[in-house]
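To start, the structure under review is shown below, and the notes come after it.
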Amino acid sequence: MRFPKFIKKGDAIGFVAPSFGCDTEPYKTAFGRAQENFRNMGFGIQIGPNCYIGDGIGISNKPELCGQEINDYYTSEKNDALISCGGGELMCEILNYVDFDRLRAADPKWFMGYSDNTNLTFLLTTLCDTASIYGPCAAAFGQEPWHRSVADAMAVLQGQKLSFAGYDGWEKESLRDEEHPFLPYNITEPRVIKGYPEKFQVSGRMIGGCMDCLVNLIGTKFDHVGEFLERYKDDGFIWFLESCDLNVMSIRRAMWQMDNGGWFRYCKGFMIGRPLQFGQEMMGLDQYQAVLGIIGKYNVPVVMDVDLGHLSPMMPVVCGSMGTLMVDGQDMSLSMEMR
């Protein structure tokens with residue numbers, strides 16, 4: 001596994017838009033403030049050509065142009081890490097234009113994003129043996145003040161913090177809009193995690209992302225997960241998973257598909273984020289059995305409703321790192337090692 005160098009003051013942060021760009025409010029204004037914040041912290045800025053574009057379908061620009069931006073900016077010597085402008089819907093369509101051989105041959109650098117950016121965070125790890133960060137996108141760094149989770153993501157980029165215990169509460173409904181682009185997360189709900197069992201410790205290589213995106217990759221030419229699992233089978237795996245648009249039935253189908261695609265071989269545990277469709281129940285199926293009904297047969301520890309994904313805040317997770325996940329009732333921690 002290749003681990004990029006952590007960034008330091010004087011380094012340049014590059015911004016790219018392989019999914020949505022920051023061409024609409026409140027993201028455009030928040031992105032501008034994020035750039036100011038990074039400059040004030042002593043970092044340089046490099047803005048990709050698609051960051052302020054909104055000409056694509058479900059992404060910032062034409063798929064070939066988004067793919068080219070990734071190829072050029074990941075291999076550029078003018079930036080030292082990349083942060084995605086945002087999530088979106090159809091980043092999968094850029095993959096035919098991403099030169100993974102070129103990315104694999106380049107010096108590794110951190111790429112951070114979540115949601116639709118799973119298409120790169122996950123494939124950098126499974127195709128290129130390169131660690132990535134499943135964490136907030138660019139506009140989040142424009143909020144005032146930064147939520148601790150945003151500061152944690154920045155601390156990971158700098159190698160200052162690699163262990164997290166989650167946060168006290170979460171945001172059910174955001175208050176950010178065009179007139180209030182800098183508002184922090186609207187924390188109104190207490191965090192309540194569910195451990196199966198209630199107390200455990202497990203270690204393994206961290207792998208995962210947004211299920212909405214992951215299931216699209218199964219069976220495609222980008223699905224080399226089986227080979228990846230074999231390479232690192234002695235470590236075992238902790239899968240971190242969350243969902244956006246999927247209802248509880250779709251979550252169950254996604255888990256079934258990943259299971260039957262052989263993705264859960266050598267799994268040692270699961271860390272499941274709060275689904276965006278939190279609290280939904282359909283035909284007696286809730287968000288818990290949507291997951292446990294499929295993976296219960298593995299008899300490995302599972303923790304659900306963790307701070308991960310679309311209901312902020314989210315812990316940054318280094319995809320490809322060696323993680324140790326500990327749960328004891330409502331206390332949990334995730335510690336990651338770059339090895």
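Simple scheme: letters A, B, ... for chains in structure tokens order, numbers from 1 for residues in each chain, numbers from 1 for ligands in the order shown.
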
List the spatial neighbours of region 120-136 of chain A as a PDB file with all heavy atoms, in the first residue's frame - criterion: any atom at most 6 Å away, only C-alpha atoms, same-chain residues fewer than 6 positions off excluded.
ATOM      1  N   MET A   1       0.844  -1.198   0.000  1.00  0.00           N
ATOM      2  CA  MET A   1       0.000   0.000   0.000  1.00  0.00           C
ATOM      3  C   MET A   1       0.876   1.243   0.000  1.00  0.00           C
ATOM      4  O   MET A   1       1.811   1.341   0.791  1.00  0.00           O
ATOM      5  CB  MET A   1      -0.929  -0.005   1.215  1.00  0.00           C
ATOM      6  CG  MET A   1      -1.921   1.133   1.266  1.00  0.00           C
ATOM      7  SD  MET A   1      -3.074   1.185  -0.129  1.00  0.00           S
ATOM      8  CE  MET A   1      -3.839  -0.420  -0.010  1.00  0.00           C
ATOM      9  N   ARG A   2       0.566   2.165  -0.877  1.00  0.00           N
ATOM     10  CA  ARG A   2       1.322   3.418  -0.967  1.00  0.00           C
ATOM     11  C   ARG A   2       0.594   4.500  -0.170  1.00  0.00           C
ATOM     12  O   ARG A   2      -0.605   4.714  -0.345  1.00  0.00           O
ATOM     13  CB  ARG A   2       1.461   3.854  -2.419  1.00  0.00           C
ATOM     14  CG  ARG A   2       2.082   2.808  -3.328  1.00  0.00           C
ATOM     15  CD  ARG A   2       2.479   3.405  -4.661  1.00  0.00           C
ATOM     16  NE  ARG A   2       1.393   4.156  -5.289  1.00  0.00           N
ATOM     17  CZ  ARG A   2       1.564   5.037  -6.291  1.00  0.00           C
ATOM     18  NH1 ARG A   2       2.778   5.290  -6.742  1.00  0.00           N
ATOM     19  NH2 ARG A   2       0.537   5.649  -6.829  1.00  0.00           N
ATOM     20  N   PHE A   3       1.341   5.164   0.688  1.00  0.00           N
ATOM     21  CA  PHE A   3       0.771   6.241   1.487  1.00  0.00           C
ATOM     22  C   PHE A   3       1.426   7.553   1.083  1.00  0.00           C
ATOM     23  O   PHE A   3       2.654   7.690   1.138  1.00  0.00           O
ATOM     24  CB  PHE A   3       0.975   5.970   2.977  1.00  0.00           C
ATOM     25  CG  PHE A   3       0.203   4.781   3.465  1.00  0.00           C
ATOM     26  CD1 PHE A   3       0.824   3.539   3.596  1.00  0.00           C
ATOM     27  CD2 PHE A   3      -1.136   4.886   3.765  1.00  0.00           C
ATOM     28  CE1 PHE A   3       0.117   2.436   4.031  1.00  0.00           C
ATOM     29  CE2 PHE A   3      -1.861   3.787   4.206  1.00  0.00           C
ATOM     30  CZ  PHE A   3      -1.233   2.558   4.335  1.00  0.00           C
ATOM     31  N   ARG A 104      -1.095   5.296 -11.101  1.00  0.00           N
ATOM     32  CA  ARG A 104      -0.334   4.293 -10.354  1.00  0.00           C
ATOM     33  C   ARG A 104       1.166   4.547 -10.460  1.00  0.00           C
ATOM     34  O   ARG A 104       1.920   4.294  -9.514  1.00  0.00           O
ATOM     35  CB  ARG A 104      -0.668   2.899 -10.886  1.00  0.00           C
ATOM     36  CG  ARG A 104      -0.083   1.748 -10.069  1.00  0.00           C
ATOM     37  CD  ARG A 104      -0.377   0.402 -10.709  1.00  0.00           C
ATOM     38  NE  ARG A 104      -1.814   0.157 -10.838  1.00  0.00           N
ATOM     39  CZ  ARG A 104      -2.461   0.130 -12.003  1.00  0.00           C
ATOM     40  NH1 ARG A 104      -1.812   0.342 -13.142  1.00  0.00           N
ATOM     41  NH2 ARG A 104      -3.750  -0.107 -12.038  1.00  0.00           N
ATOM     42  N   TRP A 110      -2.443  12.650  -1.622  1.00  0.00           N
ATOM     43  CA  TRP A 110      -3.766  12.496  -1.024  1.00  0.00           C
ATOM     44  C   TRP A 110      -4.844  13.047  -1.936  1.00  0.00           C
ATOM     45  O   TRP A 110      -4.725  14.156  -2.457  1.00  0.00           O
ATOM     46  CB  TRP A 110      -3.838  13.195   0.328  1.00  0.00           C
ATOM     47  CG  TRP A 110      -3.002  12.571   1.393  1.00  0.00           C
ATOM     48  CD1 TRP A 110      -1.909  13.113   2.011  1.00  0.00           C
ATOM     49  CD2 TRP A 110      -3.183  11.286   1.989  1.00  0.00           C
ATOM     50  NE1 TRP A 110      -1.392  12.245   2.939  1.00  0.00           N
ATOM     51  CE2 TRP A 110      -2.153  11.108   2.945  1.00  0.00           C
ATOM     52  CE3 TRP A 110      -4.108  10.246   1.801  1.00  0.00           C
ATOM     53  CZ2 TRP A 110      -2.041   9.951   3.713  1.00  0.00           C
ATOM     54  CZ3 TRP A 110      -3.983   9.089   2.560  1.00  0.00           C
ATOM     55  CH2 TRP A 110      -2.966   8.959   3.502  1.00  0.00           C
ATOM     56  N   PHE A 111      -5.910  12.267  -2.093  1.00  0.00           N
ATOM     57  CA  PHE A 111      -7.143  12.747  -2.705  1.00  0.00           C
ATOM     58  C   PHE A 111      -8.230  12.587  -1.658  1.00  0.00           C
ATOM     59  O   PHE A 111      -8.390  11.503  -1.083  1.00  0.00           O
ATOM     60  CB  PHE A 111      -7.503  11.944  -3.954  1.00  0.00           C
ATOM     61  CG  PHE A 111      -8.869  12.289  -4.502  1.00  0.00           C
ATOM     62  CD1 PHE A 111      -9.033  13.423  -5.294  1.00  0.00           C
ATOM     63  CD2 PHE A 111      -9.974  11.507  -4.205  1.00  0.00           C
ATOM     64  CE1 PHE A 111     -10.296  13.751  -5.783  1.00  0.00           C
ATOM     65  CE2 PHE A 111     -11.236  11.832  -4.685  1.00  0.00           C
ATOM     66  CZ  PHE A 111     -11.396  12.963  -5.487  1.00  0.00           C
ATOM     67  N   MET A 112      -8.970  13.659  -1.398  1.00  0.00           N
ATOM     68  CA  MET A 112     -10.020  13.619  -0.390  1.00  0.00           C
ATOM     69  C   MET A 112     -11.366  14.032  -0.975  1.00  0.00           C
ATOM     70  O   MET A 112     -11.472  15.020  -1.707  1.00  0.00           O
ATOM     71  CB  MET A 112      -9.686  14.532   0.799  1.00  0.00           C
ATOM     72  CG  MET A 112     -10.746  14.475   1.905  1.00  0.00           C
ATOM     73  SD  MET A 112     -10.170  15.146   3.493  1.00  0.00           S
ATOM     74  CE  MET A 112      -9.998  16.882   3.080  1.00  0.00           C
ATOM     75  N   GLY A 113     -12.386  13.286  -0.629  1.00  0.00           N
ATOM     76  CA  GLY A 113     -13.758  13.567  -1.016  1.00  0.00           C
ATOM     77  C   GLY A 113     -14.631  12.429  -0.530  1.00  0.00           C
ATOM     78  O   GLY A 113     -14.136  11.430   0.010  1.00  0.00           O
ATOM     79  N   TYR A 114     -15.937  12.561  -0.700  1.00  0.00           N
ATOM     80  CA  TYR A 114     -16.825  11.478  -0.294  1.00  0.00           C
ATOM     81  C   TYR A 114     -17.999  11.406  -1.249  1.00  0.00           C
ATOM     82  O   TYR A 114     -18.035  12.097  -2.271  1.00  0.00           O
ATOM     83  CB  TYR A 114     -17.274  11.648   1.168  1.00  0.00           C
ATOM     84  CG  TYR A 114     -18.406  12.608   1.403  1.00  0.00           C
ATOM     85  CD1 TYR A 114     -19.675  12.153   1.778  1.00  0.00           C
ATOM     86  CD2 TYR A 114     -18.225  13.984   1.267  1.00  0.00           C
ATOM     87  CE1 TYR A 114     -20.723  13.042   2.007  1.00  0.00           C
ATOM     88  CE2 TYR A 114     -19.261  14.876   1.504  1.00  0.00           C
ATOM     89  CZ  TYR A 114     -20.509  14.395   1.870  1.00  0.00           C
ATOM     90  OH  TYR A 114     -21.538  15.280   2.083  1.00  0.00           O
ATOM     91  N   PHE A 228      -7.503  -7.411  -5.103  1.00  0.00           N
ATOM     92  CA  PHE A 228      -7.098  -6.584  -3.966  1.00  0.00           C
ATOM     93  C   PHE A 228      -7.238  -7.361  -2.664  1.00  0.00           C
ATOM     94  O   PHE A 228      -6.331  -7.351  -1.810  1.00  0.00           O
ATOM     95  CB  PHE A 228      -7.940  -5.306  -3.932  1.00  0.00           C
ATOM     96  CG  PHE A 228      -7.703  -4.436  -2.730  1.00  0.00           C
ATOM     97  CD1 PHE A 228      -6.625  -3.578  -2.695  1.00  0.00           C
ATOM     98  CD2 PHE A 228      -8.564  -4.480  -1.645  1.00  0.00           C
ATOM     99  CE1 PHE A 228      -6.391  -2.774  -1.582  1.00  0.00           C
ATOM    100  CE2 PHE A 228      -8.344  -3.675  -0.537  1.00  0.00           C
ATOM    101  CZ  PHE A 228      -7.252  -2.828  -0.505  1.00  0.00           C
ATOM    102  N   PRO A 316     -13.129  11.493   9.208  1.00  0.00           N
ATOM    103  CA  PRO A 316     -12.337  11.162   8.027  1.00  0.00           C
ATOM    104  C   PRO A 316     -11.782   9.747   8.173  1.00  0.00           C
ATOM    105  O   PRO A 316     -11.344   9.359   9.252  1.00  0.00           O
ATOM    106  CB  PRO A 316     -11.217  12.207   8.050  1.00  0.00           C
ATOM    107  CG  PRO A 316     -11.089  12.585   9.493  1.00  0.00           C
ATOM    108  CD  PRO A 316     -12.455  12.461  10.090  1.00  0.00           C
ATOM    109  N   VAL A 317     -11.833   8.980   7.098  1.00  0.00           N
ATOM    110  CA  VAL A 317     -11.331   7.610   7.110  1.00  0.00           C
ATOM    111  C   VAL A 317     -10.301   7.457   5.998  1.00  0.00           C
ATOM    112  O   VAL A 317     -10.559   7.833   4.851  1.00  0.00           O
ATOM    113  CB  VAL A 317     -12.465   6.586   6.909  1.00  0.00           C
ATOM    114  CG1 VAL A 317     -11.907   5.162   6.885  1.00  0.00           C
ATOM    115  CG2 VAL A 317     -13.518   6.718   8.000  1.00  0.00           C
ATOM    116  N   VAL A 318      -9.150   6.925   6.336  1.00  0.00           N
ATOM    117  CA  VAL A 318      -8.108   6.690   5.333  1.00  0.00           C
ATOM    118  C   VAL A 318      -8.338   5.321   4.715  1.00  0.00           C
ATOM    119  O   VAL A 318      -8.115   4.286   5.355  1.00  0.00           O
ATOM    120  CB  VAL A 318      -6.703   6.775   5.947  1.00  0.00           C
ATOM    121  CG1 VAL A 318      -5.645   6.463   4.880  1.00  0.00           C
ATOM    122  CG2 VAL A 318      -6.470   8.156   6.547  1.00  0.00           C
ATOM    123  N   CYS A 319      -8.821   5.333   3.487  1.00  0.00           N
ATOM    124  CA  CYS A 319      -9.075   4.103   2.753  1.00  0.00           C
ATOM    125  C   CYS A 319      -7.730   3.467   2.394  1.00  0.00           C
ATOM    126  O   CYS A 319      -6.884   4.108   1.772  1.00  0.00           O
ATOM    127  CB  CYS A 319      -9.876   4.429   1.497  1.00  0.00           C
ATOM    128  SG  CYS A 319     -10.541   3.003   0.631  1.00  0.00           S
ATOM    129  N   GLY A 320      -7.535   2.234   2.821  1.00  0.00           N
ATOM    130  CA  GLY A 320      -6.269   1.555   2.591  1.00  0.00           C
ATOM    131  C   GLY A 320      -5.395   1.456   3.813  1.00  0.00           C
ATOM    132  O   GLY A 320      -4.408   0.708   3.826  1.00  0.00           O
TER     133      GLY A 320
END

Exercise: region 196-209 of chain A partners within 6 Å, only C-alpha atoms, chain neighbours under 6 positions left out, as a PyMOL selection string: chain A and resi 118+235-241+301-302+319-329

Could you work out how far CA of Cys137 (chain A) lies from CA of Pro181 (chain A), giving the answer in Å with one decimal?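 Pair CA of Pro181 (chain A) / CA of Cys137 (chain A) returns 14.5 Å.
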
For CA of Gly142 (chain A) and CA of Gly32 (chain A), quote the distance in Å rounded to one decimal.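 Here the two named atoms are 7.3 Å from each other.
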
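Close contacts of Cys210 (chain A), defined as residues with an atom at most 7 Å away when counting only C-alpha atoms, with chain neighbours fewer than 2 positions off set aside, comprise Ser115, Thr118, Asp212, Cys213, Leu214, Leu241, Glu242 and Ser243 of chain A.
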
Find the spatial neighbours of region 12-27 of chain A, counting only C-alpha atoms, within a cut-off of 8 Å - ignore same-chain residues fewer than 3 positions away - and output them as a PyMOL selection string. chain A and resi 30-31+43-54+58-60+66-67+69-70+73+78-91+94+116-117+138-139+176-181

Mind checking DSSP for region 56-123 of chain A and telling me the strand (DSSP E or B) residues as a ChimeraX atom specification? /A:81-84,110-113

Mind checking DSSP for region 103-252 of chain A and telling me the alpha helix (DSSP H) residues as a PyMOL selection string? chain A and resi 103-105+118-128+148-157+211-217+225-231+248-252

Closest atom pairs, residues of region 54-156 of chain A within 12 Å of region 161-174 of chain A, only C-alpha atoms, as a tab-separated table:
residue	atom	partner	partner_atom	distance
A:Ile133	CA	A:Leu162	CA	11.3
A:His147	CA	A:Tyr167	CA	9.8
A:Arg148	CA	A:Tyr167	CA	8.0
A:Ser149	CA	A:Tyr167	CA	7.7
A:Val150	CA	A:Tyr167	CA	11.4
A:Ala151	CA	A:Lys161	CA	9.9
A:Asp152	CA	A:Lys161	CA	7.0
A:Ala153	CA	A:Lys161	CA	8.7
A:Met154	CA	A:Lys161	CA	8.9
A:Ala155	CA	A:Lys161	CA	5.4
A:Val156	CA	A:Lys161	CA	5.5

Separation of CA of Pro275 (chain A) from CA of Arg253 (chain A) in Å: 14.5 Å
